[in-house]
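Trainee: target31.txt (compact mmCIF, C-alpha atoms and all ligand atoms) pasted underneath:
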# COMPACT_ATOMS: atom_id res chain seq x y z
CA ILE G 1 7.17 4.41 -25.55
CA ASP G 2 6.36 1.88 -22.79
CA GLN G 3 2.73 1.95 -21.69
CA TYR G 4 1.46 1.58 -18.12
CA ALA G 5 -1.95 2.26 -16.59
CA VAL G 6 -4.11 1.97 -13.52
CA VAL G 7 -7.37 0.06 -13.96
CA GLY G 8 -10.42 0.38 -11.71
CA HIS G 9 -14.08 1.29 -11.65
CA PRO G 10 -14.51 4.18 -11.05
CA ILE G 11 -11.02 5.53 -11.78
CA SER G 12 -11.33 9.24 -12.60
CA HIS G 13 -10.29 10.27 -9.04
CA SER G 14 -7.06 8.22 -9.20
CA LYS G 15 -3.82 10.02 -8.38
CA SER G 16 -1.72 7.20 -9.86
CA PRO G 17 -1.24 8.79 -13.33
CA ALA G 18 0.11 11.98 -11.75
CA ILE G 19 2.30 10.04 -9.32
CA HIS G 20 3.85 7.73 -11.93
CA THR G 21 4.32 10.51 -14.48
CA GLU G 22 6.28 12.42 -11.85
CA PHE G 23 8.27 9.27 -10.91
CA ALA G 24 9.18 8.86 -14.60
CA HIS G 25 10.30 12.48 -14.71
CA LEU G 26 12.37 12.14 -11.51
CA THR G 27 14.14 8.97 -12.71
CA ASN G 28 14.53 9.95 -16.39
CA GLN G 29 12.40 7.03 -17.54
CA SER G 30 10.53 7.28 -20.81
CA LEU G 31 7.01 5.92 -20.29
CA GLN G 32 3.35 6.81 -20.53
CA TYR G 33 0.91 6.10 -17.67
CA THR G 34 -2.85 6.46 -18.06
CA ALA G 35 -6.06 5.53 -16.21
CA ILE G 36 -8.50 3.00 -17.67
CA ASP G 37 -12.06 2.63 -16.41
CA ILE G 38 -13.22 -0.96 -16.95
CA GLU G 39 -16.77 -2.26 -16.77
CA PRO G 40 -16.54 -5.18 -14.32
CA GLU G 41 -17.55 -7.87 -16.82
CA LEU G 42 -14.87 -6.70 -19.29
CA PHE G 43 -11.88 -7.00 -16.93
CA GLU G 44 -10.00 -9.97 -18.49
CA GLN G 45 -10.70 -8.86 -22.06
CA THR G 46 -9.48 -5.31 -21.44
CA ILE G 47 -6.32 -6.49 -19.68
CA ASN G 48 -5.56 -8.96 -22.48
CA GLU G 49 -5.90 -6.19 -25.05
CA PHE G 50 -3.71 -3.85 -23.01
CA PHE G 51 -0.84 -6.35 -22.90
CA GLU G 52 -1.35 -7.43 -26.55
CA ASN G 53 -1.06 -3.80 -27.62
CA GLY G 54 2.31 -3.23 -25.99
CA GLY G 55 1.31 -2.49 -22.40
CA LYS G 56 4.12 -3.34 -19.96
CA GLY G 57 2.46 -3.14 -16.54
CA LEU G 58 -0.72 -2.25 -14.67
CA ASN G 59 -1.80 -1.04 -11.30
CA VAL G 60 -5.09 -2.49 -10.18
CA THR G 61 -7.49 -0.84 -7.77
CA VAL G 62 -11.05 -1.26 -6.47
CA PRO G 63 -12.93 -3.46 -7.36
CA PHE G 64 -10.46 -5.57 -9.37
CA LYS G 65 -7.68 -6.66 -6.98
CA GLU G 66 -9.14 -10.17 -6.57
CA LYS G 67 -9.75 -10.48 -10.32
CA ALA G 68 -6.14 -9.47 -10.99
CA PHE G 69 -5.07 -12.14 -8.47
CA ALA G 70 -6.96 -14.74 -10.51
CA TYR G 71 -5.60 -13.35 -13.79
CA ALA G 72 -1.86 -13.50 -13.01
CA HIS G 73 0.19 -16.48 -14.22
CA GLN G 74 2.65 -16.19 -11.33
CA LEU G 75 2.20 -14.59 -7.90
CA SER G 76 4.59 -13.17 -5.32
CA ASP G 77 4.28 -14.49 -1.75
CA ARG G 78 2.82 -11.22 -0.55
CA ALA G 79 0.18 -11.34 -3.32
CA LYS G 80 -0.59 -14.95 -2.39
CA THR G 81 -1.21 -14.15 1.26
CA ALA G 82 -3.12 -10.96 0.42
CA GLN G 83 -5.17 -12.95 -2.11
CA ALA G 84 -5.20 -9.68 -4.01
CA VAL G 85 -2.97 -8.06 -6.65
CA ASN G 86 -2.36 -4.34 -7.13
CA THR G 87 0.50 -4.65 -9.64
CA LEU G 88 0.69 -6.69 -12.85
CA ILE G 89 4.03 -7.05 -14.60
CA LEU G 90 4.45 -8.31 -18.18
CA ASN G 91 7.41 -10.71 -18.39
CA LYS G 92 9.67 -11.18 -21.41
CA ASP G 93 8.10 -14.61 -22.12
CA GLY G 94 4.64 -13.02 -22.36
CA THR G 95 3.39 -14.27 -18.97
CA VAL G 96 2.08 -11.85 -16.36
CA THR G 97 3.22 -11.75 -12.73
CA GLY G 98 0.95 -10.43 -9.97
CA ASP G 99 2.36 -8.68 -6.92
CA ASN G 100 0.93 -6.61 -4.08
CA THR G 101 2.88 -3.54 -2.96
CA ASP G 102 0.25 -2.10 -0.59
CA GLY G 103 1.77 -3.64 2.54
CA ALA G 104 5.30 -2.60 1.59
CA GLY G 105 4.01 0.94 1.02
CA LEU G 106 2.41 1.00 4.46
CA VAL G 107 5.34 -0.56 6.32
CA ASN G 108 7.87 1.68 4.62
CA ASP G 109 5.84 4.76 5.60
CA LEU G 110 5.35 3.57 9.19
CA LEU G 111 9.08 2.89 9.56
CA GLN G 112 9.75 6.59 8.95
CA SER G 113 8.05 7.20 12.33
CA THR G 114 8.45 4.02 14.36
CA GLN G 115 10.06 0.60 14.37
CA LEU G 116 7.59 -2.29 14.34
CA LYS G 117 9.98 -4.88 15.77
CA ASP G 118 8.83 -6.06 19.24
CA LYS G 119 5.87 -3.64 19.15
CA ARG G 120 2.30 -4.48 20.12
CA ILE G 121 0.23 -3.73 17.03
CA LEU G 122 -3.53 -3.29 16.75
CA ILE G 123 -5.20 -3.52 13.35
CA ILE G 124 -8.77 -2.26 13.16
CA GLY G 125 -10.73 -3.84 10.30
CA ALA G 126 -10.64 -7.27 8.68
CA GLY G 127 -11.44 -6.55 5.03
CA GLY G 128 -9.21 -6.61 1.99
CA ALA G 129 -7.12 -3.68 3.20
CA SER G 130 -6.07 -5.54 6.38
CA LYS G 131 -5.42 -8.81 4.62
CA GLY G 132 -3.29 -7.03 2.03
CA VAL G 133 -0.81 -5.63 4.56
CA LEU G 134 -0.51 -8.39 7.15
CA LEU G 135 2.44 -10.33 5.71
CA PRO G 136 4.75 -7.30 5.35
CA ILE G 137 3.85 -6.29 8.93
CA ILE G 138 4.58 -9.81 10.21
CA GLU G 139 7.96 -9.68 8.44
CA GLN G 140 8.92 -6.81 10.78
CA VAL G 141 8.61 -9.26 13.71
CA PRO G 142 6.32 -7.33 16.04
CA GLN G 143 5.74 -8.61 19.60
CA SER G 144 2.06 -9.21 18.81
CA ILE G 145 -0.69 -8.38 16.34
CA THR G 146 -4.29 -8.00 17.49
CA ILE G 147 -7.11 -7.68 14.96
CA VAL G 148 -10.46 -6.18 15.88
CA ASN G 149 -13.42 -5.87 13.58
CA ARG G 150 -17.07 -4.85 13.80
CA THR G 151 -17.92 -8.28 12.37
CA PHE G 152 -15.88 -10.44 14.74
CA SER G 153 -16.00 -13.60 12.61
CA LYS G 154 -14.00 -11.84 9.86
CA ALA G 155 -11.24 -10.96 12.35
CA GLN G 156 -11.21 -14.60 13.49
CA SER G 157 -10.83 -15.97 9.98
CA LEU G 158 -7.98 -13.55 9.23
CA VAL G 159 -6.19 -14.76 12.36
CA GLU G 160 -6.68 -18.38 11.32
CA GLN G 161 -5.25 -17.61 7.90
CA PHE G 162 -2.09 -15.98 9.26
CA LEU G 163 -1.41 -18.23 12.28
CA PRO G 164 0.73 -20.62 10.18
CA TYR G 165 3.12 -17.69 9.49
CA TYR G 166 3.05 -15.99 12.88
CA LYS G 167 1.96 -17.29 16.28
CA ALA G 168 1.43 -14.03 18.21
CA ILE G 169 -1.71 -13.00 16.32
CA ASN G 170 -5.15 -12.86 17.92
CA ALA G 171 -8.66 -11.50 17.36
CA VAL G 172 -10.69 -9.46 19.86
CA GLU G 173 -14.21 -8.08 19.50
CA LEU G 174 -14.25 -4.40 18.56
CA GLU G 175 -16.39 -3.46 21.56
CA LYS G 176 -14.34 -5.55 24.00
CA ILE G 177 -10.80 -4.36 23.35
CA GLU G 178 -9.19 -2.89 26.49
CA ASP G 179 -5.41 -3.15 26.12
CA CYS G 180 -3.14 -0.31 25.09
CA PHE G 181 -1.02 -0.61 21.93
CA ASP G 182 2.25 0.81 20.57
CA VAL G 183 1.00 1.08 16.99
CA ILE G 184 -2.61 1.22 15.81
CA ILE G 185 -3.53 0.88 12.14
CA ASN G 186 -7.02 1.82 11.02
CA ALA G 187 -7.76 -0.36 7.99
CA THR G 188 -11.53 0.18 8.06
CA SER G 189 -13.36 2.26 5.52
CA ALA G 190 -15.10 4.18 8.34
CA SER G 191 -13.08 7.38 7.81
CA LEU G 192 -14.03 7.31 4.13
CA GLN G 193 -17.67 7.64 5.13
CA GLY G 194 -16.81 10.19 7.83
CA GLN G 195 -17.81 7.73 10.55
CA SER G 196 -16.15 7.28 13.91
CA LEU G 197 -15.46 3.85 15.38
CA SER G 198 -17.02 2.68 18.61
CA ILE G 199 -13.78 1.60 20.24
CA ASN G 200 -12.32 1.96 23.73
CA PRO G 201 -10.08 5.08 23.98
CA ASN G 202 -7.79 3.13 26.36
CA ILE G 203 -6.14 1.56 23.29
CA ILE G 204 -4.18 4.83 22.99
CA ASN G 205 -1.63 6.36 25.36
CA GLU G 206 1.05 9.01 24.95
CA ASN G 207 3.41 6.50 23.32
CA THR G 208 0.96 5.25 20.69
CA VAL G 209 1.56 5.87 16.98
CA CYS G 210 -1.69 5.81 14.97
CA TYR G 211 -1.96 5.25 11.22
CA ASP G 212 -5.11 5.72 9.16
CA MET G 213 -4.92 4.15 5.70
CA MET G 214 -7.28 6.89 4.49
CA TYR G 215 -6.13 10.45 3.83
CA GLY G 216 -7.65 13.77 2.95
CA LYS G 217 -7.25 17.52 3.05
CA ASP G 218 -7.86 17.56 6.81
CA ASP G 219 -7.14 14.98 9.51
CA THR G 220 -9.30 11.89 9.05
CA VAL G 221 -12.07 11.20 11.57
CA PHE G 222 -9.94 8.47 13.14
CA ASN G 223 -6.79 10.58 13.38
CA THR G 224 -8.73 13.51 14.86
CA TRP G 225 -10.06 11.16 17.53
CA ALA G 226 -6.61 9.61 18.11
CA LYS G 227 -5.10 13.07 18.67
CA GLN G 228 -7.84 13.84 21.19
CA GLN G 229 -6.89 10.68 23.09
CA GLY G 230 -3.30 11.95 23.32
CA ALA G 231 -1.59 9.76 20.73
CA LYS G 232 2.12 10.43 20.27
CA LYS G 233 1.76 10.74 16.53
CA VAL G 234 -0.93 10.33 13.87
CA ILE G 235 -0.16 9.56 10.23
CA ASP G 236 -2.53 9.40 7.27
CA GLY G 237 -2.42 7.05 4.29
CA LEU G 238 -0.92 9.38 1.68
CA GLY G 239 2.54 7.90 2.31
CA MET G 240 1.11 4.42 1.78
CA LEU G 241 -0.46 5.50 -1.52
CA VAL G 242 2.75 7.03 -2.85
CA GLY G 243 4.84 4.22 -1.34
CA GLN G 244 2.90 1.42 -3.00
CA ALA G 245 3.26 3.33 -6.28
CA ALA G 246 7.03 3.60 -5.79
CA PHE G 247 7.35 -0.16 -5.17
CA SER G 248 5.26 -0.87 -8.31
CA PHE G 249 7.45 1.51 -10.30
CA TYR G 250 10.52 -0.39 -9.09
CA LEU G 251 9.01 -3.73 -10.16
CA TRP G 252 8.48 -2.40 -13.68
CA ARG G 253 11.53 -0.21 -14.18
CA GLY G 254 14.17 -1.46 -11.71
CA VAL G 255 14.69 1.99 -10.20
CA THR G 256 13.22 3.35 -6.97
CA PRO G 257 11.89 6.89 -7.24
CA LYS G 258 12.13 9.35 -4.35
CA THR G 259 8.68 9.98 -2.91
CA ASP G 260 8.92 13.15 -0.80
CA SER G 261 8.42 15.73 -3.55
CA VAL G 262 5.44 13.79 -4.97
CA MET G 263 3.86 13.61 -1.52
CA GLN G 264 4.31 17.33 -1.07
CA GLN G 265 2.74 18.03 -4.46
CA ILE G 266 -0.35 16.01 -3.58
CA ARG G 267 -0.62 17.67 -0.15
CA ASP G 268 -0.41 21.09 -1.81
CA SER G 269 -3.00 20.18 -4.43
CA MET G 270 -5.48 19.23 -1.68
CA LYS G 271 -5.25 22.61 0.08
P1 LIG G 301 -11.45 -3.03 2.26
O1 LIG G 301 -11.19 -3.99 1.15
O2 LIG G 301 -11.14 -1.60 1.98
O3 LIG G 301 -10.88 -3.48 3.57
P2 LIG G 301 -14.01 -4.07 3.01
O4 LIG G 301 -13.57 -5.46 2.71
O5 LIG G 301 -15.38 -3.65 2.64
O6 LIG G 301 -13.05 -3.02 2.36
O7 LIG G 301 -13.78 -3.83 4.57
C1 LIG G 301 -14.10 -2.63 5.18
C2 LIG G 301 -13.70 -2.74 6.64
O8 LIG G 301 -14.12 -1.55 7.33
C3 LIG G 301 -14.35 -3.89 7.36
O9 LIG G 301 -13.46 -4.35 8.35
C4 LIG G 301 -15.58 -3.22 7.98
O10 LIG G 301 -16.11 -3.91 9.08
P3 LIG G 301 -17.15 -5.14 8.83
O11 LIG G 301 -16.30 -6.29 8.39
O12 LIG G 301 -17.78 -5.34 10.13
O13 LIG G 301 -18.08 -4.67 7.76
C5 LIG G 301 -14.97 -1.91 8.40
N1 LIG G 301 -15.92 -0.81 8.62
C6 LIG G 301 -16.50 -0.02 7.69
N2 LIG G 301 -17.27 0.92 8.27
C7 LIG G 301 -17.17 0.73 9.61
C8 LIG G 301 -17.73 1.38 10.77
N3 LIG G 301 -18.55 2.43 10.64
N4 LIG G 301 -17.40 0.91 11.99
C9 LIG G 301 -16.57 -0.16 12.12
N5 LIG G 301 -16.01 -0.80 11.09
C10 LIG G 301 -16.32 -0.38 9.85
Would you give me this structure, written as structure tokens?
Mentor:
Amino acid sequence: IDQYAVVGHPISHSKSPAIHTEFAHLTNQSLQYTAIDIEPELFEQTINEFFENGGKGLNVTVPFKEKAFAYAHQLSDRAKTAQAVNTLILNKDGTVTGDNTDGAGLVNDLLQSTQLKDKRILIIGAGGASKGVLLPIIEQVPQSITIVNRTFSKAQSLVEQFLPYYKAINAVELEKIEDCFDVIINATSASLQGQSLSINPNIINENTVCYDMMYGKDDTVFNTWAKQQGAKKVIDGLGMLVGQAAFSFYLWRGVTPKTDSVMQQIRDSMK
């Protein structure tokens, strides 16, 4: 039976084994998917052993996405621009390809609620999560992308990195942003720590769609705030999580699983 796994540190909280096991069930694919906790210094060794022992593909999560990027023999364009890999695929010739499905998972989920073409988009945060999704967002041809970050210099370097692909991208200081946006994506880890952002509420009006990459049992801190400012719609990151998994599953198995029942199962399990 074909072996797959998610690797990270820590990994016990991961929902990926449950998600992929259900995808396999839904698509009649015979495979086994487990979670492997790796001590950081043993990353390459553990991955080598996994593939030598018949492993066919891996998902990679915190803190190994950059290590997986360095490990892969070939990289997709979206992995190259993200400089991070969340999916490793064993090829027939024994080489390993690195891809990044996070951005596709996010964009696919956002498109269920709003087009991104010609929209003014604000991305809050300039860490790995933002970098990982920028190329797939740019591919939707928005009118503009603005990046704000607590540490302004990080927003500036992200803009410099993506300017060759897309001209309408700019950086603004978190405390100085004043414009209103069509779509706002919170890619900070602030909600994870239950913290609110010190950002101008004028960024939101009644037409604004807000997306927090985090998710939980209740509305995230950011989405609670966005609702209070009168946002048209708030969405949490569960769809991105399940979506990136579905795109990884497709890369390995060539079939795209339906995601709605899996999302509902996870929502129910959090109640
Ligand atoms: P990730 O890879 O998940 O993006 P990261 O690289 O540590 O993680 O980045 C976390 C992001 O959340 C950064 O943009 C960080 O801002 P700084 O670059 O200024 O550190 C942002 N962040 C985390 N907590 C925040 C808070 N309380 N207010 C504002 N931004 C916050």
Trainee: As JSON, please report the centre and edge lengths, rounded to one decimal in Å, of the axis-aligned box that holds all listed atoms of stretch 98-109 of chain G with 8 Å of padding on each of the six sides.
Mentor:
{"center_x": 4.1, "center_y": -2.8, "center_z": -1.8, "size_x": 23.6, "size_y": 31.2, "size_z": 32.3}
Trainee: Please return as a PDB file with C-alpha atoms, keeping the file's coordinate frame the residues found within 9 Å of ligand LIG 301 (chain G), counting only C-alpha atoms and all ligand atoms.
Mentor:
ATOM      1  CA  VAL G  62     -11.050  -1.260  -6.470  1.00  0.00           C
ATOM      2  CA  PRO G  63     -12.930  -3.460  -7.360  1.00  0.00           C
ATOM      3  CA  ILE G 124      -8.770  -2.260  13.160  1.00  0.00           C
ATOM      4  CA  GLY G 125     -10.730  -3.840  10.300  1.00  0.00           C
ATOM      5  CA  ALA G 126     -10.640  -7.270   8.680  1.00  0.00           C
ATOM      6  CA  GLY G 127     -11.440  -6.550   5.030  1.00  0.00           C
ATOM      7  CA  GLY G 128      -9.210  -6.610   1.990  1.00  0.00           C
ATOM      8  CA  ALA G 129      -7.120  -3.680   3.200  1.00  0.00           C
ATOM      9  CA  SER G 130      -6.070  -5.540   6.380  1.00  0.00           C
ATOM     10  CA  LYS G 131      -5.420  -8.810   4.620  1.00  0.00           C
ATOM     11  CA  GLY G 132      -3.290  -7.030   2.030  1.00  0.00           C
ATOM     12  CA  VAL G 148     -10.460  -6.180  15.880  1.00  0.00           C
ATOM     13  CA  ASN G 149     -13.420  -5.870  13.580  1.00  0.00           C
ATOM     14  CA  ARG G 150     -17.070  -4.850  13.800  1.00  0.00           C
ATOM     15  CA  THR G 151     -17.920  -8.280  12.370  1.00  0.00           C
ATOM     16  CA  PHE G 152     -15.880 -10.440  14.740  1.00  0.00           C
ATOM     17  CA  SER G 153     -16.000 -13.600  12.610  1.00  0.00           C
ATOM     18  CA  LYS G 154     -14.000 -11.840   9.860  1.00  0.00           C
ATOM     19  CA  ALA G 155     -11.240 -10.960  12.350  1.00  0.00           C
ATOM     20  CA  LEU G 174     -14.250  -4.400  18.560  1.00  0.00           C
ATOM     21  CA  ASN G 186      -7.020   1.820  11.020  1.00  0.00           C
ATOM     22  CA  ALA G 187      -7.760  -0.360   7.990  1.00  0.00           C
ATOM     23  CA  THR G 188     -11.530   0.180   8.060  1.00  0.00           C
ATOM     24  CA  SER G 189     -13.360   2.260   5.520  1.00  0.00           C
ATOM     25  CA  ALA G 190     -15.100   4.180   8.340  1.00  0.00           C
ATOM     26  CA  SER G 191     -13.080   7.380   7.810  1.00  0.00           C
ATOM     27  CA  LEU G 192     -14.030   7.310   4.130  1.00  0.00           C
ATOM     28  CA  GLN G 193     -17.670   7.640   5.130  1.00  0.00           C
ATOM     29  CA  GLY G 194     -16.810  10.190   7.830  1.00  0.00           C
ATOM     30  CA  GLN G 195     -17.810   7.730  10.550  1.00  0.00           C
ATOM     31  CA  SER G 196     -16.150   7.280  13.910  1.00  0.00           C
ATOM     32  CA  LEU G 197     -15.460   3.850  15.380  1.00  0.00           C
ATOM     33  CA  SER G 198     -17.020   2.680  18.610  1.00  0.00           C
ATOM     34  CA  ILE G 199     -13.780   1.600  20.240  1.00  0.00           C
TER      35      ILE G 199
END
Trainee: For G:Ala5, which residue among G:Thr220, G:Gln161, G:Ser248, G:Gln156 is the nearest when counting all atoms listed in the file?
Mentor: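 Closest to G:Ala5, using all atoms listed in the file: G:Ser248.
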Trainee: Write out as a ChimeraX atom specification which residues come within 6 Å of stretch 74-90 of chain G when counting all atoms listed in the file, dropping same-chain ones fewer than 6 positions away.
Mentor: /G:56-60,65-66,68,96-100,131-132
Trainee: Quick one, how far is atom CA of G:Asp260 from atom CA of G:Ala226?
Mentor: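 Here the two named atoms are 24.7 Å from each other.
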Trainee: For the atom pair atom CA of G:Leu116 and atom CA of G:Pro136, what is the interatomic distance in Å to one decimal place?
Mentor: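 Atom CA of G:Pro136 lies at a distance of 10.7 Å from atom CA of G:Leu116.
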